[in-house]
Amino acid sequence: MNLPPLRTLFFEDLSVGMAETLEKTVSASDVVGFAQLTGDRNPIHLSEHFAARTTFKTRIAHGLYTASLISAVLGTRLPGPGAIYISQSLNFRAPVKIDDTVTVTVTVAELMPEKSRARLACGCTVAGEVVLEGEALVKVRAADGALTGGALSFPRQECYRAGGFSACSLQAARAGRKARGEARGT
């Protein structure tokens with residue numbers, strides 16, 4: 001997966017119709033890793049021999065692996081860091097196979113300013129065929145950092161990873177030290 005830079009959007013930045021996409025080619029190691037992480041060792045995901053005798057004729061990715069790609073968009077791009085999942089509906093339409101390229105699209109469907117919430121239409125396709133669709137409800141920070149039920153303090157930023165280090169981590173650390181009146185390097 002070619003990871004785009006992190007992007008923080010506040011509630012005020014969102015508008016109905018805004019969309020973000022992500023593409024990920026599913027590898028065998030992704031599926032094995034997901035099985036190890038979750039404990040879901042269903043052989044339809046892990047055994048070519050077993051899967052060959054099913055309707056799919058080959059191994060398929062876990063449905064929730066595909067759904068987790070939606071979470072990647074929500075947590076990194078739309079709305080981005082600090083977004084809080086409230087709920088997610090999922091309708092699985094077709095299998096995702098090893099080496100399929102999944103295109104995830106998240107679109108702002110509705111904004112609820114009274115609670116700083118956004119309803120997002122979520123879809124995943126493979127070669128133009130819908131494999132998963134659903135809807136997410138998320139809490140989104142206001143520009144002043146407020147979130148219903150508490151406050152978060154993240155600067156508006158674009159973040160990039162290079163050499164295992166995140167540029168936004170430095171920016172956030174500097175902002176935190178400055179807010180606390182601390183000197184650099186402490």
# chains A, B, ... in the order shown; residues from 1 in each chain; ligands from 1
$ residues_around --residues "A:Glu23" --least-positions-apart "4" --cutoff "12 Å" --atoms "only C-alpha atoms" --output "list in words"
Met1, Asn2, Leu3, Pro4, Thr66, Leu69, Ile70, Ala72, Val73, Asp100, Thr101, Val102, Thr103, Val104, Thr105, Val106, Gly123, Cys124, Thr125, Val126 and Ala127 of chain A
$ closest_residue --among "A:Leu46, A:Leu6, A:Ala83, A:Leu137" --to "A:Val31" --atoms "only C-alpha atoms"
A:Leu46
$ closest_residue --among "A:Pro5, A:Glu129, A:Gly17, A:Ala94" --to "A:Val108" --atoms "only C-alpha atoms"
A:Gly17
$ atom_distance --atom1 "atom CA of A:Asn42" --atom2 "atom CA of A:Gly134"
23.9 Å
$ atom_distance --atom1 "atom CA of A:Asp40" --atom2 "atom CA of A:Val26"
16.9 Å
$ atom_distance --atom1 "atom CA of A:Ala19" --atom2 "atom CA of A:Gly33"
28.9 Å
$ select_by_dssp --residues "stretch 31-168 of chain A" --states "helix (DSSP H, G or I)" --output "PyMOL selection string"
chain A and resi 31-38+43-46+48-51+63-76+113-115+167-168
$ closest_residue --among "A:Ala109, A:Leu120, A:Ser71, A:Asn91" --to "A:Glu133" --atoms "only C-alpha atoms"
A:Asn91
